[in-house]
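Data first, discussion second: the structure below is written as structure tokens.
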Amino acid sequence: MDYLVSPSHPPDKLALNHTIKLGVMASGSGSNFEAIAQAINKGELNAKIEVLIYNNPSAKVKEKADRLNIPSILLNHRNYSHREALDQAIVEVFKVNKVEWVVMAGWMRIITDVLLNAFPHRVINIHPSLLPSFKGINAIEKALKSRVKITGCTVHLVDLEVDSGPILVQAAVPILPDDTAETLHHRIQIQEHRIITQGIALAALKS
């Protein structure tokens, strides 16, 4: 096994006794969004994605949402004068769709207290490093440059400080001698798809 997940729970320990309503935010390809949807379809996560919000008009995640018959809404950040205005629009969409938990699945925008206050302790993020190491953008490149031997990914609850908040679950991934940013990103992403649903279930169970 070339990875380690902690905490490690058997699937039956992560079973939710009611269906939680998710709102997902994504900016790019949507691989983690798709992983969540697939876990739901397989019965591995007792949840429903009520709506996807994406901020990039060319984001591939839109195509995935259409294929999965999940409603999606474009809120282009360029159309808002400040971050709080964008977050208020996000909150309004989520409230209309009766969202209970917010999942940032590759959302490449810094959020504000407008969103956090609307969903206190119910905003979840996934980041491609073992936090608190390598916060912010280019986390994989930072890990390679630092010459650490192990990196990975983290699912955590969100607070105002970027890539902070209580950690829910992490997966460790070794850095190989011949790794590039692309090869390491691929192996980390595999683990992201494993732990994102675990993190959502753990958060819901603890709430």
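FYI, nothing fancy with the structure tokens labels: chains A, B, ... in order, residues from 1 per chain, ligands from 1 as they appear.
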Tell me which protein, DNA and RNA residues are within 8 Å of Leu168 (chain A), counting only C-alpha atoms, leaving out same-chain ones fewer than 6 positions away, and put them as a list in words.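 Final neighbour list, sorted by chain and number: Thr154, Val155, His156, Leu157, Gly199, Leu202 and Ala203 of chain A.
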Can you tell me, as a list in words, what residues are no more than 6 Å from Val102 (chain A) when counting only C-alpha atoms, ignoring any on the same chain fewer than 6 positions away?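 With the cut-off at 6 Å, the set is Leu22, Gly23, Val24 and Val123 of chain A.
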Which of these, A:Ile137, A:Val158, A:Val91, A:Leu74, has the shortest distance to Ala26 (chain A) once you count only C-alpha atoms?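 Using only C-alpha atoms, Ala26 (chain A) sits closest to A:Leu74.
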With a distance cut-off of 9 Å and only C-alpha atoms, select the neighbouring residues of Ile110 (chain A), excluding the residue or stretch itself and same-chain residues fewer than 6 positions from it, and output the selection as a list in words. Arg83, Leu160 and Val162 of chain A
I'd like the neighbourhood of Ile200 (chain A) as an mmCIF file with C-alpha atoms, in the first residue's frame, where a residue qualifies if any of its atoms comes within 12 Å (using only C-alpha atoms), though same-chain residues fewer than 6 positions away should be ignored.
data_model
loop_
_atom_site.group_PDB
_atom_site.id
_atom_site.type_symbol
_atom_site.label_atom_id
_atom_site.label_comp_id
_atom_site.auth_asym_id
_atom_site.auth_seq_id
_atom_site.Cartn_x
_atom_site.Cartn_y
_atom_site.Cartn_z
ATOM 1 C CA LEU A 14 -19.277 6.147 8.684
ATOM 2 C CA ALA A 15 -22.883 5.299 7.903
ATOM 3 C CA LEU A 16 -25.275 8.225 8.301
ATOM 4 C CA THR A 19 -29.576 11.834 4.018
ATOM 5 C CA ILE A 20 -27.569 15.059 4.243
ATOM 6 C CA LYS A 21 -28.061 17.791 1.651
ATOM 7 C CA LEU A 22 -24.856 19.029 0.027
ATOM 8 C CA GLY A 23 -23.962 22.123 -1.908
ATOM 9 C CA VAL A 24 -20.695 21.742 -3.810
ATOM 10 C CA ILE A 36 -18.664 12.500 -4.214
ATOM 11 C CA ALA A 39 -19.933 7.526 -3.734
ATOM 12 C CA ILE A 40 -23.530 8.640 -3.281
ATOM 13 C CA GLU A 44 -21.215 4.733 0.214
ATOM 14 C CA LEU A 45 -22.376 8.171 1.385
ATOM 15 C CA ASN A 46 -25.910 8.891 2.513
ATOM 16 C CA ALA A 47 -26.180 12.293 0.894
ATOM 17 C CA LYS A 48 -27.614 14.212 -2.033
ATOM 18 C CA GLU A 100 -27.130 21.741 4.899
ATOM 19 C CA TRP A 101 -23.406 21.197 4.236
ATOM 20 C CA VAL A 102 -21.085 23.060 1.868
ATOM 21 C CA VAL A 103 -18.185 21.240 0.199
ATOM 22 C CA MET A 104 -15.372 23.161 -1.473
ATOM 23 C CA ALA A 105 -14.168 20.609 -4.013
ATOM 24 C CA HIS A 121 -18.941 24.666 11.178
ATOM 25 C CA ARG A 122 -20.534 23.192 8.042
ATOM 26 C CA VAL A 123 -18.102 24.202 5.304
ATOM 27 C CA ILE A 124 -15.654 21.475 4.234
ATOM 28 C CA ASN A 125 -12.547 21.823 2.078
ATOM 29 C CA ILE A 126 -10.023 19.450 0.542
ATOM 30 C CA THR A 154 -6.366 16.864 3.894
ATOM 31 C CA VAL A 155 -10.105 17.232 4.377
ATOM 32 C CA HIS A 156 -10.893 19.879 6.973
ATOM 33 C CA LEU A 157 -13.555 22.217 8.249
ATOM 34 C CA ILE A 167 -8.726 18.460 10.337
ATOM 35 C CA LEU A 168 -11.193 15.657 9.608
ATOM 36 C CA VAL A 169 -9.072 13.112 7.721
ATOM 37 C CA HIS A 193 -11.206 10.847 -4.085
ATOM 38 C CA ARG A 194 -10.924 8.294 -1.263
ATOM 39 C CA LYS A 206 -19.686 14.812 14.729
ATOM 40 C CA SER A 207 -22.200 17.613 14.286
#
Return as a ChimeraX atom specification the full set of residues in region 6-205 of chain A whose backbone-based DSSP assignment is strand (DSSP E). /A:6,20-26,47-54,72-74,101-104,123-127,150-157,167-174
Surrounding residues of Ala35 (chain A) excluding itself and chain neighbours under 5 positions, 12 Å, only C-alpha atoms, as a PyMOL selection string: chain A and resi 24+29-30+40-42+44-45+49+61+64-65+68+105+189-198
I need the residues from that last selection saved to file as an mmCIF file, in the first residue's frame (with N, CA, C and O atoms), if you can.
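Final output, out_16.cif:
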data_model
loop_
_atom_site.group_PDB
_atom_site.id
_atom_site.type_symbol
_atom_site.label_atom_id
_atom_site.label_comp_id
_atom_site.auth_asym_id
_atom_site.auth_seq_id
_atom_site.Cartn_x
_atom_site.Cartn_y
_atom_site.Cartn_z
ATOM 1 N N VAL A 24 -22.110 21.891 -3.447
ATOM 2 C CA VAL A 24 -20.695 21.742 -3.810
ATOM 3 C C VAL A 24 -20.240 22.961 -4.601
ATOM 4 O O VAL A 24 -20.973 23.476 -5.454
ATOM 5 N N SER A 29 -11.868 20.965 -13.036
ATOM 6 C CA SER A 29 -12.302 19.745 -13.721
ATOM 7 C C SER A 29 -13.415 19.018 -12.985
ATOM 8 O O SER A 29 -14.188 18.273 -13.579
ATOM 9 N N GLY A 30 -13.475 19.191 -11.663
ATOM 10 C CA GLY A 30 -14.563 18.578 -10.906
ATOM 11 C C GLY A 30 -14.354 17.117 -10.570
ATOM 12 O O GLY A 30 -15.328 16.395 -10.373
ATOM 13 N N ILE A 40 -22.097 8.590 -3.597
ATOM 14 C CA ILE A 40 -23.530 8.640 -3.281
ATOM 15 C C ILE A 40 -24.289 7.591 -4.091
ATOM 16 O O ILE A 40 -25.122 6.849 -3.550
ATOM 17 N N ASN A 41 -24.000 7.513 -5.375
ATOM 18 C CA ASN A 41 -24.692 6.559 -6.242
ATOM 19 C C ASN A 41 -24.422 5.114 -5.848
ATOM 20 O O ASN A 41 -25.274 4.236 -6.063
ATOM 21 N N LYS A 42 -23.234 4.858 -5.290
ATOM 22 C CA LYS A 42 -22.881 3.503 -4.860
ATOM 23 C C LYS A 42 -23.410 3.175 -3.462
ATOM 24 O O LYS A 42 -23.234 2.056 -2.986
ATOM 25 N N GLU A 44 -22.313 4.593 -0.739
ATOM 26 C CA GLU A 44 -21.215 4.733 0.214
ATOM 27 C C GLU A 44 -21.335 5.995 1.071
ATOM 28 O O GLU A 44 -20.683 6.104 2.100
ATOM 29 N N LEU A 45 -22.146 6.934 0.639
ATOM 30 C CA LEU A 45 -22.376 8.171 1.385
ATOM 31 C C LEU A 45 -23.854 8.503 1.296
ATOM 32 O O LEU A 45 -24.407 8.658 0.203
ATOM 33 N N ILE A 49 -26.426 15.669 -3.554
ATOM 34 C CA ILE A 49 -25.904 16.957 -4.003
ATOM 35 C C ILE A 49 -27.074 17.753 -4.562
ATOM 36 O O ILE A 49 -27.615 17.424 -5.620
ATOM 37 N N VAL A 61 -16.225 20.952 -14.767
ATOM 38 C CA VAL A 61 -17.152 20.388 -13.795
ATOM 39 C C VAL A 61 -18.601 20.536 -14.251
ATOM 40 O O VAL A 61 -19.456 19.708 -13.915
ATOM 41 N N LYS A 64 -19.641 17.488 -16.093
ATOM 42 C CA LYS A 64 -19.865 16.352 -15.187
ATOM 43 C C LYS A 64 -21.213 16.475 -14.502
ATOM 44 O O LYS A 64 -21.940 15.483 -14.352
ATOM 45 N N ALA A 65 -21.559 17.665 -14.071
ATOM 46 C CA ALA A 65 -22.852 17.863 -13.422
ATOM 47 C C ALA A 65 -23.994 17.551 -14.379
ATOM 48 O O ALA A 65 -24.980 16.894 -13.999
ATOM 49 N N LEU A 68 -24.425 13.876 -14.770
ATOM 50 C CA LEU A 68 -24.943 13.242 -13.563
ATOM 51 C C LEU A 68 -26.332 13.758 -13.182
ATOM 52 O O LEU A 68 -26.881 13.362 -12.152
ATOM 53 N N ALA A 105 -14.851 21.705 -3.322
ATOM 54 C CA ALA A 105 -14.168 20.609 -4.013
ATOM 55 C C ALA A 105 -13.336 21.185 -5.158
ATOM 56 O O ALA A 105 -13.700 21.074 -6.323
ATOM 57 N N GLN A 189 -4.388 12.920 -6.053
ATOM 58 C CA GLN A 189 -5.792 13.033 -6.428
ATOM 59 C C GLN A 189 -6.542 11.720 -6.196
ATOM 60 O O GLN A 189 -7.719 11.727 -5.807
ATOM 61 N N ILE A 190 -5.875 10.607 -6.411
ATOM 62 C CA ILE A 190 -6.496 9.309 -6.131
ATOM 63 C C ILE A 190 -6.921 9.244 -4.671
ATOM 64 O O ILE A 190 -8.018 8.780 -4.336
ATOM 65 N N GLN A 191 -6.060 9.733 -3.781
ATOM 66 C CA GLN A 191 -6.369 9.716 -2.352
ATOM 67 C C GLN A 191 -7.416 10.770 -1.993
ATOM 68 O O GLN A 191 -8.233 10.549 -1.086
ATOM 69 N N GLU A 192 -7.406 11.888 -2.685
ATOM 70 C CA GLU A 192 -8.461 12.880 -2.468
ATOM 71 C C GLU A 192 -9.828 12.251 -2.699
ATOM 72 O O GLU A 192 -10.770 12.468 -1.923
ATOM 73 N N HIS A 193 -9.928 11.475 -3.758
ATOM 74 C CA HIS A 193 -11.206 10.847 -4.085
ATOM 75 C C HIS A 193 -11.609 9.824 -3.025
ATOM 76 O O HIS A 193 -12.807 9.574 -2.832
ATOM 77 N N ARG A 194 -10.623 9.252 -2.342
ATOM 78 C CA ARG A 194 -10.924 8.294 -1.263
ATOM 79 C C ARG A 194 -11.429 9.001 -0.007
ATOM 80 O O ARG A 194 -12.368 8.549 0.640
ATOM 81 N N ILE A 195 -10.773 10.115 0.343
ATOM 82 C CA ILE A 195 -11.035 10.684 1.671
ATOM 83 C C ILE A 195 -12.081 11.791 1.681
ATOM 84 O O ILE A 195 -12.588 12.128 2.758
ATOM 85 N N ILE A 196 -12.426 12.344 0.526
ATOM 86 C CA ILE A 196 -13.390 13.441 0.538
ATOM 87 C C ILE A 196 -14.730 12.990 1.111
ATOM 88 O O ILE A 196 -15.340 13.688 1.937
ATOM 89 N N THR A 197 -15.187 11.813 0.724
ATOM 90 C CA THR A 197 -16.472 11.345 1.250
ATOM 91 C C THR A 197 -16.352 10.930 2.715
ATOM 92 O O THR A 197 -17.304 11.094 3.480
ATOM 93 N N GLN A 198 -15.188 10.387 3.089
ATOM 94 C CA GLN A 198 -14.972 10.059 4.508
ATOM 95 C C GLN A 198 -15.049 11.323 5.364
ATOM 96 O O GLN A 198 -15.641 11.327 6.438
#
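For the choices A:Pro132, A:Ala171, A:Lys142, A:Asn56, the atom-to-atom distance to Ser8 (chain A) is smallest for A:Ala171 when using only C-alpha atoms.
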Nearest to Leu75 (chain A): which of A:Lys98, A:Arg109, A:His18, A:Lys145 is it, counting only C-alpha atoms? A:Arg109
Length of the CA of Gly106 (chain A) to CA of Val5 (chain A) vector [Å]: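 It comes out at 20.0 Å.
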I'd like the interatomic distance between CA of Thr183 (chain A) and CA of Glu141 (chain A), to a tenth of an Å.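 One can read the CA of Thr183 (chain A) to CA of Glu141 (chain A) distance as 11.3 Å.
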Do you know which residues are at most 7 Å from Gly152 (chain A) counting only C-alpha atoms, after dropping those on the same chain fewer than 5 positions away, and could you put them as a PyMOL selection string? chain A and resi 128-130+171-173+188
Pull all heavy atoms from the residues just selected and write them as an mmCIF file, in the first residue's frame.
data_model
loop_
_atom_site.group_PDB
_atom_site.id
_atom_site.type_symbol
_atom_site.label_atom_id
_atom_site.label_comp_id
_atom_site.auth_asym_id
_atom_site.auth_seq_id
_atom_site.Cartn_x
_atom_site.Cartn_y
_atom_site.Cartn_z
ATOM 1 N N PRO A 128 -4.509 19.713 -1.270
ATOM 2 C CA PRO A 128 -3.506 18.704 -1.657
ATOM 3 C C PRO A 128 -2.182 18.809 -0.908
ATOM 4 O O PRO A 128 -1.111 18.941 -1.491
ATOM 5 C CB PRO A 128 -3.324 18.983 -3.158
ATOM 6 C CG PRO A 128 -3.534 20.452 -3.277
ATOM 7 C CD PRO A 128 -4.622 20.780 -2.288
ATOM 8 N N SER A 129 -2.254 18.745 0.415
ATOM 9 C CA SER A 129 -1.049 18.638 1.241
ATOM 10 C C SER A 129 -1.465 18.096 2.596
ATOM 11 O O SER A 129 -2.659 18.020 2.907
ATOM 12 C CB SER A 129 -0.351 19.993 1.415
ATOM 13 O OG SER A 129 -1.005 20.778 2.397
ATOM 14 N N LEU A 130 -0.488 17.737 3.395
ATOM 15 C CA LEU A 130 -0.752 17.344 4.770
ATOM 16 C C LEU A 130 -0.700 18.612 5.617
ATOM 17 O O LEU A 130 0.350 19.006 6.124
ATOM 18 C CB LEU A 130 0.278 16.312 5.255
ATOM 19 C CG LEU A 130 0.215 14.938 4.593
ATOM 20 C CD1 LEU A 130 1.353 14.052 5.091
ATOM 21 C CD2 LEU A 130 -1.132 14.264 4.860
ATOM 22 N N ALA A 171 -4.667 11.795 4.127
ATOM 23 C CA ALA A 171 -4.038 10.656 3.453
ATOM 24 C C ALA A 171 -2.606 11.040 3.127
ATOM 25 O O ALA A 171 -2.360 12.095 2.517
ATOM 26 C CB ALA A 171 -4.797 10.289 2.179
ATOM 27 N N ALA A 172 -1.674 10.201 3.536
ATOM 28 C CA ALA A 172 -0.257 10.443 3.273
ATOM 29 C C ALA A 172 0.160 9.734 1.989
ATOM 30 O O ALA A 172 -0.234 8.594 1.738
ATOM 31 C CB ALA A 172 0.586 9.935 4.441
ATOM 32 N N VAL A 173 0.954 10.420 1.186
ATOM 33 C CA VAL A 173 1.424 9.893 -0.095
ATOM 34 C C VAL A 173 2.930 10.100 -0.178
ATOM 35 O O VAL A 173 3.403 11.227 -0.010
ATOM 36 C CB VAL A 173 0.736 10.609 -1.278
ATOM 37 C CG1 VAL A 173 1.290 10.109 -2.606
ATOM 38 C CG2 VAL A 173 -0.775 10.413 -1.215
ATOM 39 N N ILE A 188 -1.842 11.944 -5.575
ATOM 40 C CA ILE A 188 -2.565 12.622 -4.501
ATOM 41 C C ILE A 188 -4.053 12.663 -4.809
ATOM 42 O O ILE A 188 -4.895 12.450 -3.925
ATOM 43 C CB ILE A 188 -2.005 14.039 -4.285
ATOM 44 C CG1 ILE A 188 -0.607 13.962 -3.654
ATOM 45 C CG2 ILE A 188 -2.943 14.867 -3.403
ATOM 46 C CD1 ILE A 188 0.076 15.306 -3.516
#
Which of these residues is nearest to Arg78 (chain A), using only C-alpha atoms: A:Tyr3, A:Leu115, A:Glu92, A:Pro57?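 Residue with the minimum atom-to-atom distance to Arg78 (chain A): A:Pro57.
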State, in Å with one decimal place, the distance from CA of Asp87 (chain A) to CA of Ala201 (chain A). 24.4 Å
Pick from A:Asn97, A:Asn76, A:Ser164, A:Thr180: nearest to Val51 (chain A), with only C-alpha atoms counted?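 Answer, going by the shortest atom-to-atom distance: A:Asn97.
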Please, which residues of chain A, numbered as in this document, come out alpha helix (DSSP H) from DSSP, as number ranges by chain? A: 31-41, 61-67, 83-96, 113-118, 139-146, 181-206
